[in-house]
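The file data.cif comes next; it holds mmCIF, C-alpha atoms.
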```cif
data_query
loop_
_atom_site.label_atom_id
_atom_site.label_comp_id
_atom_site.auth_asym_id
_atom_site.auth_seq_id
_atom_site.Cartn_x
_atom_site.Cartn_y
_atom_site.Cartn_z
CA MET A 76 -11.42 16.33 -3.67
CA ALA A 77 -13.66 15.20 -0.82
CA SER A 78 -12.32 12.85 1.81
CA ILE A 79 -11.98 9.32 0.43
CA ALA A 80 -12.69 7.58 3.74
CA GLN A 81 -13.34 8.44 7.37
CA SER A 82 -10.47 6.31 8.69
CA ILE A 83 -7.31 5.45 6.76
CA LEU A 84 -4.15 3.52 7.62
CA ILE A 85 -1.01 3.67 5.47
CA THR A 86 2.00 1.39 5.88
CA GLY A 87 5.49 2.64 5.05
CA ALA A 88 4.39 6.22 5.66
CA SER A 89 7.66 7.86 6.72
CA ARG A 90 9.05 8.65 3.26
CA GLY A 91 8.45 8.53 -0.48
CA ILE A 92 5.01 7.58 -1.71
CA GLY A 93 3.71 6.78 1.79
CA LEU A 94 4.66 10.20 3.14
CA GLU A 95 3.15 11.89 0.09
CA PHE A 96 -0.10 10.01 0.72
CA VAL A 97 -0.14 11.54 4.20
CA LYS A 98 0.63 15.03 2.88
CA GLN A 99 -2.17 14.94 0.33
CA LEU A 100 -4.74 13.21 2.52
CA ILE A 101 -4.45 15.80 5.31
CA LYS A 102 -5.73 18.37 2.81
CA VAL A 103 -9.05 16.55 2.48
CA GLY A 104 -9.32 15.81 6.19
CA PRO A 105 -10.34 12.24 7.03
CA GLN A 106 -11.51 11.89 10.62
CA LEU A 107 -8.51 9.67 11.34
CA LEU A 108 -5.30 9.14 9.39
CA ILE A 109 -2.95 6.51 10.80
CA ALA A 110 0.62 6.54 9.54
CA GLY A 111 2.53 3.32 10.15
CA CYS A 112 6.32 3.23 9.92
CA ARG A 113 9.25 1.19 11.23
CA ASN A 114 11.00 3.96 13.16
CA PRO A 115 8.64 6.74 14.31
CA SER A 116 11.40 8.45 16.30
CA GLU A 117 13.37 9.00 13.07
CA ALA A 118 10.35 10.12 11.00
CA LYS A 119 10.85 13.84 11.65
CA GLU A 120 8.70 15.15 8.80
CA LEU A 121 5.90 12.79 9.70
CA GLN A 122 6.10 13.87 13.34
CA ASP A 123 5.84 17.53 12.28
CA ILE A 124 2.70 16.74 10.30
CA ALA A 125 1.15 14.87 13.24
CA ARG A 126 1.84 17.78 15.61
CA GLU A 127 0.03 20.17 13.28
CA ASN A 128 -2.86 17.82 12.48
CA LYS A 129 -4.39 16.13 15.52
CA PHE A 130 -6.26 13.56 13.42
CA VAL A 131 -2.92 12.12 12.23
CA LYS A 132 -1.61 9.33 14.47
CA ILE A 133 1.76 7.64 14.05
CA LEU A 134 2.11 3.93 14.83
CA LYS A 135 5.24 1.81 15.00
CA LEU A 136 4.58 -0.78 12.34
CA ASP A 137 7.22 -2.95 10.73
CA VAL A 138 5.31 -5.16 8.28
CA GLU A 139 7.89 -7.95 8.78
CA ASN A 140 7.20 -8.08 12.52
CA ASP A 141 4.00 -9.92 13.50
CA GLU A 142 4.14 -8.68 17.09
CA GLU A 143 4.25 -5.09 15.89
CA ILE A 144 1.38 -5.75 13.49
CA ASP A 145 -0.70 -7.21 16.33
CA ALA A 146 0.11 -4.23 18.54
CA ALA A 147 -0.81 -1.83 15.73
CA VAL A 148 -4.15 -3.59 15.29
CA GLN A 149 -4.94 -3.10 18.97
CA GLU A 150 -3.94 0.57 18.88
CA THR A 151 -5.98 1.09 15.73
CA LYS A 152 -8.97 -0.64 17.31
CA THR A 153 -8.84 1.86 20.16
CA LEU A 154 -8.54 4.79 17.75
CA VAL A 155 -11.36 3.80 15.38
CA GLY A 156 -13.80 2.56 18.04
CA ASP A 157 -17.05 1.19 16.63
CA GLY A 158 -16.39 2.82 13.28
CA GLY A 159 -13.90 0.22 12.14
CA LEU A 160 -11.19 0.88 9.57
CA ASN A 161 -12.36 2.07 6.17
CA LEU A 162 -9.19 2.06 4.10
CA LEU A 163 -5.90 0.16 4.45
CA ILE A 164 -3.19 1.23 2.01
CA ASN A 165 -0.48 -1.45 1.84
CA ASN A 166 2.29 0.84 0.67
CA ALA A 167 5.37 -0.58 2.43
CA GLY A 168 7.77 -2.24 0.01
CA ILE A 169 11.44 -2.78 -0.80
CA PHE A 170 13.65 -2.90 -3.89
CA GLN A 171 17.21 -3.69 -2.87
CA GLU A 172 20.43 -4.28 -4.80
CA LYS A 173 19.35 -2.21 -7.79
CA GLN A 174 23.04 -1.60 -8.51
CA ALA A 175 23.54 -5.31 -9.21
CA GLY A 176 20.86 -5.23 -11.86
CA GLY A 177 18.91 -8.00 -10.23
CA LYS A 178 19.85 -10.59 -12.85
CA VAL A 179 19.99 -14.28 -12.00
CA GLY A 180 23.67 -14.20 -11.04
CA ALA A 181 23.00 -11.51 -8.43
CA GLN A 182 20.32 -13.49 -6.60
CA ASN A 183 20.53 -15.32 -3.29
CA ARG A 184 17.86 -17.02 -1.23
CA ALA A 185 17.87 -14.51 1.64
CA ASN A 186 17.41 -11.53 -0.68
CA LEU A 187 14.67 -13.26 -2.67
CA GLN A 188 12.81 -14.31 0.47
CA ARG A 189 12.99 -10.82 2.01
CA HIS A 190 11.45 -9.26 -1.10
CA PHE A 191 8.64 -11.82 -1.05
CA ASN A 192 8.20 -11.30 2.69
CA VAL A 193 7.85 -7.51 2.49
CA ASN A 194 6.27 -7.05 -0.94
CA SER A 195 3.81 -9.94 -1.14
CA SER A 196 3.42 -11.84 2.14
CA SER A 197 3.08 -8.72 4.27
CA PRO A 198 0.08 -7.20 2.42
CA ILE A 199 -1.71 -10.52 2.92
CA ILE A 200 -0.82 -10.78 6.61
CA VAL A 201 -1.50 -7.11 7.36
CA THR A 202 -4.90 -7.36 5.65
CA GLN A 203 -5.62 -10.56 7.60
CA LYS A 204 -4.70 -8.95 10.93
CA PHE A 205 -6.77 -5.81 10.28
CA LEU A 206 -9.66 -7.80 8.79
CA PRO A 207 -11.96 -7.53 11.85
CA LEU A 208 -11.68 -3.74 11.71
CA LEU A 209 -12.35 -3.70 7.96
CA GLU A 210 -15.32 -6.01 8.48
CA GLN A 211 -16.67 -3.70 11.17
CA ALA A 212 -16.48 -0.73 8.80
CA ALA A 213 -18.17 -2.72 6.04
CA SER A 214 -20.93 -3.83 8.41
CA ASN A 215 -21.61 -0.22 9.38
CA LYS A 216 -22.31 0.57 5.72
CA LYS A 217 -23.80 -2.77 4.72
CA SER A 218 -26.33 -1.30 2.30
CA LEU A 219 -23.72 0.63 0.31
CA PRO A 220 -21.80 -0.75 -2.70
CA LEU A 221 -18.12 -1.64 -2.56
CA SER A 222 -15.89 1.41 -2.25
CA CYS A 223 -12.84 2.74 -0.42
CA SER A 224 -15.12 4.87 1.74
CA LYS A 225 -16.91 1.71 2.91
CA ALA A 226 -14.06 -0.77 3.47
CA SER A 227 -11.02 -1.49 1.35
CA SER A 228 -7.51 -2.92 1.37
CA VAL A 229 -5.34 -1.65 -1.48
CA ILE A 230 -1.99 -3.19 -2.41
CA LEU A 231 0.72 -1.15 -4.12
CA SER A 232 2.18 -3.30 -6.88
CA THR A 233 3.84 -2.37 -10.16
CA ILE A 234 3.80 -2.78 -13.92
CA MET A 235 7.11 -4.60 -13.41
CA GLY A 236 5.10 -7.44 -11.89
CA SER A 237 3.01 -7.90 -15.03
CA GLN A 238 3.89 -11.23 -16.62
CA SER A 239 2.43 -10.15 -19.97
CA ILE A 240 4.48 -6.98 -20.19
CA SER A 241 7.69 -8.44 -18.74
CA HIS A 242 7.52 -11.31 -21.22
CA LYS A 243 7.80 -8.81 -24.09
CA GLU A 244 10.88 -7.10 -22.67
CA SER A 245 14.43 -8.11 -23.51
CA SER A 246 15.70 -7.22 -20.04
CA ALA A 247 15.69 -9.87 -17.32
CA ASN A 248 16.61 -7.44 -14.56
CA ALA A 249 15.14 -7.14 -11.05
CA ILE A 250 14.13 -10.80 -10.78
CA HIS A 251 13.76 -10.52 -6.99
CA TYR A 252 11.56 -7.42 -7.16
CA ARG A 253 9.48 -8.37 -10.20
CA CYS A 254 8.65 -11.84 -8.91
CA SER A 255 7.62 -10.52 -5.50
CA LYS A 256 5.39 -7.88 -7.10
CA THR A 257 3.79 -10.44 -9.41
CA ALA A 258 2.84 -12.29 -6.23
CA ALA A 259 1.56 -9.03 -4.71
CA SER A 260 -0.76 -8.53 -7.69
CA MET A 261 -2.01 -12.11 -7.32
CA ALA A 262 -2.67 -11.35 -3.64
CA GLY A 263 -4.91 -8.53 -4.86
CA VAL A 264 -6.75 -10.94 -7.15
CA LEU A 265 -7.34 -13.58 -4.46
CA LEU A 266 -8.08 -11.22 -1.56
CA GLY A 267 -10.47 -9.35 -3.83
CA SER A 268 -12.35 -12.54 -4.57
CA ASN A 269 -12.23 -13.69 -0.94
CA LEU A 270 -13.43 -10.48 0.67
CA LYS A 271 -15.92 -8.89 -1.73
CA ASP A 272 -18.87 -10.78 -0.20
CA SER A 273 -17.87 -9.29 3.16
CA GLY A 274 -18.24 -5.84 1.66
CA ILE A 275 -14.47 -5.22 1.41
CA LEU A 276 -12.94 -3.95 -1.83
CA VAL A 277 -9.44 -5.20 -2.67
CA PHE A 278 -7.35 -4.35 -5.72
CA SER A 279 -3.77 -3.39 -6.63
CA LEU A 280 -2.26 -0.08 -7.74
CA HIS A 281 0.73 0.73 -9.93
CA PRO A 282 2.05 4.15 -8.85
CA GLY A 283 4.22 4.62 -11.93
CA TRP A 284 8.00 4.76 -12.01
CA VAL A 285 8.28 7.42 -9.35
CA HIS A 286 11.27 9.62 -8.57
CA THR A 287 11.84 8.55 -4.93
CA ASP A 288 14.63 6.98 -2.89
CA MET A 289 13.36 3.54 -3.91
CA GLY A 290 12.43 4.39 -7.48
CA GLY A 291 15.70 6.20 -8.12
CA PRO A 292 16.55 9.51 -9.78
CA ASP A 293 15.52 8.41 -13.28
CA GLY A 294 11.84 7.95 -12.44
CA PRO A 295 9.83 10.06 -14.93
CA VAL A 296 6.84 10.49 -12.57
CA ASN A 297 7.10 12.83 -9.61
CA VAL A 298 5.63 11.68 -6.32
CA THR A 299 3.00 14.42 -6.23
CA GLU A 300 1.59 13.41 -9.62
CA SER A 301 1.61 9.73 -8.70
CA VAL A 302 -0.27 10.13 -5.43
CA GLU A 303 -2.75 12.62 -6.89
CA GLY A 304 -3.57 10.04 -9.54
CA MET A 305 -3.85 7.16 -7.09
CA LEU A 306 -6.14 9.14 -4.79
CA ASN A 307 -8.39 9.84 -7.75
CA VAL A 308 -8.47 6.11 -8.55
CA LEU A 309 -9.29 5.31 -4.91
CA ALA A 310 -12.09 7.87 -4.85
CA ASN A 311 -13.75 6.29 -7.89
CA ALA A 312 -13.03 2.61 -7.22
CA GLY A 313 -15.88 0.13 -6.88
CA GLU A 314 -17.00 -3.41 -7.64
CA LYS A 315 -15.75 -3.07 -11.23
CA ASP A 316 -12.19 -2.91 -9.87
CA VAL A 317 -12.17 -5.99 -7.62
CA GLY A 318 -8.85 -7.81 -7.98
CA LEU A 319 -7.56 -5.63 -10.81
CA LEU A 320 -4.15 -4.01 -11.21
CA LYS A 321 -4.85 -0.33 -11.84
CA THR A 322 -2.40 2.40 -12.82
CA PHE A 323 -2.22 5.79 -11.13
CA LYS A 324 -3.92 7.13 -14.28
CA GLY A 325 -6.86 4.76 -13.84
CA ASP A 326 -6.02 2.30 -16.60
CA THR A 327 -6.14 -1.47 -16.07
CA LEU A 328 -2.91 -3.40 -16.56
CA PRO A 329 -2.72 -7.02 -17.74
CA PHE A 330 -1.41 -9.63 -15.34
#
```
Would you give me this structure, written as structure tokens?
Amino acid sequence: MASIAQSILITGASRGIGLEFVKQLIKVGPQLLIAGCRNPSEAKELQDIARENKFVKILKLDVENDEEIDAAVQETKTLVGDGGLNLLINNAGIFQEKQAGGKVGAQNRANLQRHFNVNSSSPIIVTQKFLPLLEQAASNKKSLPLSCSKASSVILSTIMGSQSISHKESSANAIHYRCSKTAASMAGVLLGSNLKDSGILVFSLHPGWVHTDMGGPDGPVNVTESVEGMLNVLANAGEKDVGLLKTFKGDTLPF
């Protein structure tokens, strides 16, 4: 696979799906791959990758911390120069208290709000903060159609956020997670509509139920398969995908 974009930034890149994105993207060699994570000093595997691949840069980026987001924007601006940022992958997310089942009796306001903050508010705010760099990249390729190689912000969501599919299930588990991811998918819809005239492609991706620390040991999809599929979707995405919720296999999910 050829490089998807010249400059790419991934949030939540120190483990799981985010780290696998880094591992697979270094094989196709973008000019610049920025890996954002909350604790760079503890991201040993990511640090090893950066030492061996000079185009990989690690940034401290906690998506709940606006000051860190602002600082990351400034660092990224220096790194990308006049080229702007081509692809922002909003990967950072949380799913806490899985052991409680996430039913209504297990909920509290603080837990609900944190899931909305990380899973739905943060992709909007991070996209907003990096918007000037995405706009610069889009302007540099003004004559080209929408694509991830031109300028794009992609939001990782989930089939668990689909109202249509959840409505058919008997289980009412993971209320905190599902509701926040439904909002994340809506963010993809609205940002897609808002930004397409600026030449920026926005849509959401469902990575599958992946066997990771967050997804748990029962996930039937391994992380390699998931990211390979998502990278293929990113490579082929265009105006037809604006605002949609796509699976890692390229199918379109209902909202």
Checklist line | Test item: residues at most 6 Å from segment 177-189 of chain A, all atoms listed in the file, excluding those fewer than 2 positions along its chain, as a ChimeraX atom specification | finding: /A:175,191-192,248-251
Checklist line | Within 10 Å of segment 297-302 of chain A using only C-alpha atoms, minus same-chain residues under 6 positions, as a list in words | finding: Gly91, Ile92, Gly93, Leu94, Glu95, Phe96, Val97, Lys98, Gln99, Leu100, His281, Pro282, Gly283, Trp284, Val285, His286, Thr287, Val308, Thr322, Phe323 and Lys324 of chain A
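Closest to Ser218 of chain A among A:Ala80, A:Gly158, A:Ala147, A:Ser273 is A:Ser273, based on all atoms listed in the file.
Taken over the whole file, the PyMOL selection byres ((chain A and resi 205) around 10) covers exactly Ile144, Asp145, Ala147, Val148, Gln149, Thr151, Lys152, Gly159, Leu160, Leu163, Ile200, Val201, Thr202, Gln203, Lys204, Leu206, Pro207, Leu208, Leu209, Glu210 and Ser228 of chain A.
If you measure from each of A:Thr153, A:Ser195, A:Gln106, A:Asn215 to Cys254 of chain A using only C-alpha atoms, the closest one turns out to be A:Ser195.
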Notebook entry, point to check: Quick one: of A:Leu136, A:Ala88, A:Ala146, A:Ala212, who's nearest to Ile124 of chain A, counting all atoms listed in the file?
Noted result: A:Ala88
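Atom CA of Arg113 of chain A sits 9.0 Å away from atom CA of Thr86 of chain A.
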Note to self: Given the PyMOL selection byres ((chain A and resi 125-131) around 8) and the file above, list the residues it selects as number ranges by chain.
What the structure shows: A: 101, 105-110, 121-124, 132-133
Next item on the list: Would you write out, as a PyMOL selection string, every residue that the PyMOL selection byres ((chain A and resi 236) around 6) captures in this file?
Entry: chain A and resi 233-235+237+253+256-257
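Each of A:Gln81, A:Thr327, A:Ser214, A:Asn166 was checked against Gly111 of chain A using only C-alpha atoms; the smallest atom-to-atom distance is that of A:Asn166.
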Around all the atoms of segment 98-112 of chain A listed in the file, draw an axis-aligned box and extend it by 3 Å on each of the six sides; I want its centre and edge lengths in Å to one decimal, as AutoDock Vina command-line options.
```
--center_x -2.6 --center_y 10.8 --center_z 5.8 --size_x 23.8 --size_y 21.1 --size_z 17.0
```
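Ranking A:Ser260, A:Gln238, A:Asn161, A:Ser196 by their shortest atom-to-atom distance to Lys225 of chain A, with all atoms listed in the file included, puts A:Asn161 first.
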Check: Which residues come within 7 Å of Asp137 of chain A, counting only C-alpha atoms, excluding same-chain residues fewer than 3 positions away, as JSON, numbers by chain?
Finding: {"A": [112, 113, 140, 143]}
Keeping only C-alpha atoms, write the selected residues to a file as a PDB file, keeping the file's coordinate frame.
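The result, stored in result.pdb:
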```
ATOM      1  CA  CYS A 112       6.320   3.230   9.920  1.00  0.00           C
ATOM      2  CA  ARG A 113       9.250   1.190  11.230  1.00  0.00           C
ATOM      3  CA  ASN A 140       7.200  -8.080  12.520  1.00  0.00           C
ATOM      4  CA  GLU A 143       4.250  -5.090  15.890  1.00  0.00           C
TER       5      GLU A 143
END
```
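Non-sequential neighbours of Glu314 of chain A (distance at most 8 Å, separation of 3 or more positions within a chain, all atoms listed in the file) are A:Pro220, A:Leu221, A:Ser222, A:Leu276, A:Val317.
Among A:Val155, A:Cys223, A:Ala258, A:Ile79, the residue with the shortest atom-to-atom distance to Asn194 of chain A, counting all atoms listed in the file, is A:Ala258.
From atom CA of Gln211 of chain A back to atom CA of Ile230 of chain A, the distance works out to 20.0 Å.
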Checklist line | Contacts of Phe278 of chain A at 10 Å (only C-alpha atoms; same-chain gap of 5+ positions) as a count of residues only | finding: 25
